[in-house]
Amino acid sequence: MREVKFGVIGVGFWGRNQARVLSGLEGANLVAVCDVDQVRAKNVGEKYGVSWYTENAELLRRNDIDAVCICTPTITHHRIALEAIKAGKHVLVEKPMAESPKEAEEILSVAEQKGVYLMTGFIERFNPGVQKVKKLIDDGVLGKVVLAFARRVGRWPERVGDIGVVKDSAIHDIDIMRFLFEEDVASVYARAGSLGHKLEDYAQIILGFSGNRTAFVEANWLTPRKVRMLTVTGTDAIAAVDYVTQEITVSNAEKSVTPNFKWEEPLMLELRHFTESIISGRNPDVTGLDGLKALEVAEAALRSARTGEKVMLA
């Protein structure tokens, strides 16, 4: 296979971005979009000169579509992902991959049975700044990592209505912590609440890893200024990265350095990776299992916030 033909299901804010990237991505060919909103589906379809639908079944029955990106509300992910997988399509499903770990497990199981690739949309994994921090860790520049801290705050994204800030926002950094520490979370303690929304709109989450290593994740939909930051503290140096600008600062006992960098769109890198994985016949680096693991931690954080107790996962 030299080209992957894509369909995008759900062309709201994020789905439109995926359609934009896929329409110009080498190795990918956007051939159809679908949305329950006819006007939205028609506008995006006509903009990129592709077929458009309002029923998922119409898109999924097309034999020329190899893969689909699911960018619909979380409550629909389980149903649509299963429909797509059973239709023999490779699937990239946006985070969180399902409402519950039980649903995520079923998606994983059916994907394995059908022999299709399943990827969870954790875009920050493909952020060049994050990739550079991971390389600093792997190369030993930071020494032994003892702490990582992520802050993801800003006003409520009005497109989100069916999940709270933990599963919508903090889950990105939960996945990043698993990526950086290269192991599953052992324990979770969280405080969360709602000041202006029906579901939680702020959370502070402490993740415990082996060797008394810790990660701290702060997320809210309340702060006027948007902040997306990651700081990793090691025994030899500290690395800080701005998720948005991708600028990194590395500080040790002698100096602070901000290396030159080239900004690249994480979404383009993510979709390119998924496309190349399908073409080359190998699992993507961010799998459905990663989606399940992050969702389990998010659920544990919500449980801890309700009970006031630490939740053990390992």
# chains A, B, ... in the order shown; residues from 1 in each chain; ligands from 1
>>> select_by_dssp(residues="range 73-178 of chain A", states="strand (DSSP E or B)", output="list in words")
His90, Val91, Leu92, Val93, Glu94, Leu118, Met119, Thr120, Gly121, Val145, Val146, Leu147, Ala148, Phe149, Ala150, Arg151, Arg152 and Val153 of chain A
>>> closest_atom_pairs(of="range 181-267 of chain A", to="range 161-170 of chain A", cutoff="12 Å", atoms="only C-alpha atoms", output="CSV")
residue,atom,partner,partner_atom,distance
A:Ala190,CA,A:Val166,CA,10.2
A:Arg191,CA,A:Val166,CA,10.7
A:Ala192,CA,A:Val166,CA,8.6
A:Gly193,CA,A:Val165,CA,9.7
A:Ser194,CA,A:Gly164,CA,9.1
A:Leu195,CA,A:Val165,CA,11.9
A:Gly196,CA,A:Gly164,CA,11.4
A:His197,CA,A:Gly164,CA,8.5
A:Lys198,CA,A:Gly164,CA,8.3
A:Leu199,CA,A:Gly164,CA,5.0
A:Glu200,CA,A:Gly164,CA,5.1
A:Asp201,CA,A:Val165,CA,5.2
A:Tyr202,CA,A:Val165,CA,6.4
A:Ala203,CA,A:Val166,CA,6.8
A:Gln204,CA,A:Ala170,CA,9.0
A:Ile205,CA,A:Ala170,CA,8.5
A:Ile206,CA,A:Ala170,CA,11.4
A:Leu207,CA,A:Ala170,CA,11.8
A:Phe216,CA,A:Ala170,CA,10.3
A:Val217,CA,A:Ala170,CA,6.7
A:Glu218,CA,A:Ala170,CA,7.1
A:Ala219,CA,A:Ala170,CA,5.6
A:Asn220,CA,A:Val165,CA,6.3
A:Trp221,CA,A:Val165,CA,7.0
A:Leu222,CA,A:Val165,CA,10.3
A:Val227,CA,A:Ser169,CA,11.9
A:Arg228,CA,A:Ser169,CA,10.4
>>> write_last_selection(atoms="C-alpha atoms", output="PDB file, in the first residue's frame")
ATOM      1  CA  ALA A 190      -6.338  13.887  43.376  1.00  0.00           C
ATOM      2  CA  ARG A 191      -8.363  16.901  44.385  1.00  0.00           C
ATOM      3  CA  ALA A 192     -10.999  18.156  41.960  1.00  0.00           C
ATOM      4  CA  GLY A 193     -14.216  20.111  41.882  1.00  0.00           C
ATOM      5  CA  SER A 194     -16.538  22.330  39.922  1.00  0.00           C
ATOM      6  CA  LEU A 195     -16.763  26.083  40.267  1.00  0.00           C
ATOM      7  CA  GLY A 196     -18.684  26.903  37.108  1.00  0.00           C
ATOM      8  CA  HIS A 197     -19.556  23.757  35.164  1.00  0.00           C
ATOM      9  CA  LYS A 198     -21.715  20.665  35.614  1.00  0.00           C
ATOM     10  CA  LEU A 199     -18.643  18.417  35.680  1.00  0.00           C
ATOM     11  CA  GLU A 200     -15.277  18.990  37.358  1.00  0.00           C
ATOM     12  CA  ASP A 201     -13.494  22.050  35.973  1.00  0.00           C
ATOM     13  CA  TYR A 202     -10.321  21.932  38.057  1.00  0.00           C
ATOM     14  CA  ALA A 203      -8.072  19.126  39.224  1.00  0.00           C
ATOM     15  CA  GLN A 204      -4.709  18.569  40.845  1.00  0.00           C
ATOM     16  CA  ILE A 205      -3.434  15.037  40.403  1.00  0.00           C
ATOM     17  CA  ILE A 206      -0.414  13.344  41.985  1.00  0.00           C
ATOM     18  CA  LEU A 207       0.838  10.251  40.170  1.00  0.00           C
ATOM     19  CA  PHE A 216       2.051  16.287  39.278  1.00  0.00           C
ATOM     20  CA  VAL A 217      -0.678  17.298  36.835  1.00  0.00           C
ATOM     21  CA  GLU A 218      -2.660  20.515  37.160  1.00  0.00           C
ATOM     22  CA  ALA A 219      -5.610  21.202  34.874  1.00  0.00           C
ATOM     23  CA  ASN A 220      -8.499  23.646  34.895  1.00  0.00           C
ATOM     24  CA  TRP A 221     -10.995  25.516  32.731  1.00  0.00           C
ATOM     25  CA  LEU A 222     -10.952  28.593  34.961  1.00  0.00           C
ATOM     26  CA  VAL A 227      -0.787  27.890  29.905  1.00  0.00           C
ATOM     27  CA  ARG A 228       0.596  24.614  28.592  1.00  0.00           C
TER      28      ARG A 228
END
>>> atom_distance(atom1="CA of Glu254 in chain A", atom2="CA of Thr235 in chain A")
13.7 Å
>>> closest_residue(among="A:Cys69, A:Ile278, A:Ala294, A:Val153", to="Lys226 in chain A", atoms="only C-alpha atoms")
A:Val153
>>> atom_distance(atom1="CA of Val241 in chain A", atom2="CA of Pro259 in chain A")
11.1 Å
>>> residues_around(residues="Ile80 in chain A", least_positions_apart="2", cutoff="12 Å", atoms="only C-alpha atoms", output="PyMOL selection string")
chain A and resi 8-10+34+55-57+59-60+68-78+82-87+89+91-94+97-98+103+107
>>> write_last_selection(atoms="C-alpha atoms", output="mmCIF file, in the first residue's frame")
data_model
loop_
_atom_site.group_PDB
_atom_site.id
_atom_site.type_symbol
_atom_site.label_atom_id
_atom_site.label_comp_id
_atom_site.auth_asym_id
_atom_site.auth_seq_id
_atom_site.Cartn_x
_atom_site.Cartn_y
_atom_site.Cartn_z
ATOM 1 C CA VAL A 8 -13.077 11.669 9.066
ATOM 2 C CA ILE A 9 -16.123 11.128 11.268
ATOM 3 C CA GLY A 10 -17.073 14.275 13.122
ATOM 4 C CA CYS A 34 -19.208 12.628 7.953
ATOM 5 C CA GLU A 55 -24.712 8.760 8.412
ATOM 6 C CA ASN A 56 -21.606 6.893 9.532
ATOM 7 C CA ALA A 57 -22.785 3.672 7.896
ATOM 8 C CA LEU A 59 -19.015 6.233 4.912
ATOM 9 C CA LEU A 60 -18.014 2.939 6.538
ATOM 10 C CA VAL A 68 -11.033 6.613 9.782
ATOM 11 C CA CYS A 69 -10.380 9.331 12.325
ATOM 12 C CA ILE A 70 -13.103 9.619 14.963
ATOM 13 C CA CYS A 71 -13.523 13.168 16.268
ATOM 14 C CA THR A 72 -17.012 12.953 17.757
ATOM 15 C CA PRO A 73 -18.172 13.518 21.372
ATOM 16 C CA THR A 74 -16.700 11.034 23.849
ATOM 17 C CA ILE A 75 -20.046 9.368 24.546
ATOM 18 C CA THR A 76 -20.101 8.163 20.911
ATOM 19 C CA HIS A 77 -16.501 6.890 20.664
ATOM 20 C CA HIS A 78 -17.241 3.322 21.749
ATOM 21 C CA LEU A 82 -16.664 -0.609 17.028
ATOM 22 C CA GLU A 83 -18.645 0.108 13.852
ATOM 23 C CA ALA A 84 -15.488 1.234 12.062
ATOM 24 C CA ILE A 85 -13.376 -1.685 13.278
ATOM 25 C CA LYS A 86 -16.045 -4.216 12.331
ATOM 26 C CA ALA A 87 -16.091 -2.611 8.880
ATOM 27 C CA LYS A 89 -11.064 0.109 8.976
ATOM 28 C CA VAL A 91 -8.963 3.624 13.525
ATOM 29 C CA LEU A 92 -7.551 6.740 15.151
ATOM 30 C CA VAL A 93 -9.936 7.687 17.939
ATOM 31 C CA GLU A 94 -9.529 10.951 19.790
ATOM 32 C CA MET A 97 -10.923 6.737 23.585
ATOM 33 C CA ALA A 98 -14.118 5.818 25.442
ATOM 34 C CA GLU A 103 -15.634 0.268 26.804
ATOM 35 C CA ILE A 107 -12.591 -1.616 21.490
#
>>> atom_distance(atom1="CA of Gly24 in chain A", atom2="CA of Gly7 in chain A")
13.9 Å
>>> select_by_dssp(residues="range 11-122 of chain A", states="helix (DSSP H, G or I)", output="PyMOL selection string")
chain A and resi 13-23+38-48+56-60+74-86+101-114
>>> closest_atom_pairs(of="range 243-288 of chain A", to="range 137-147 of chain A", cutoff="12 Å", atoms="only C-alpha atoms", output="tab-separated table")
residue	atom	partner	partner_atom	distance
A:Thr249	CA	A:Leu142	CA	11.9
A:Val250	CA	A:Leu142	CA	8.6
A:Ser251	CA	A:Leu142	CA	9.1
A:Asn252	CA	A:Leu142	CA	8.4
A:Ala253	CA	A:Leu142	CA	11.4
>>> closest_residue(among="A:Ala41, A:Val4, A:Val311, A:Leu292", to="Ser109 in chain A", atoms="only C-alpha atoms")
A:Leu292
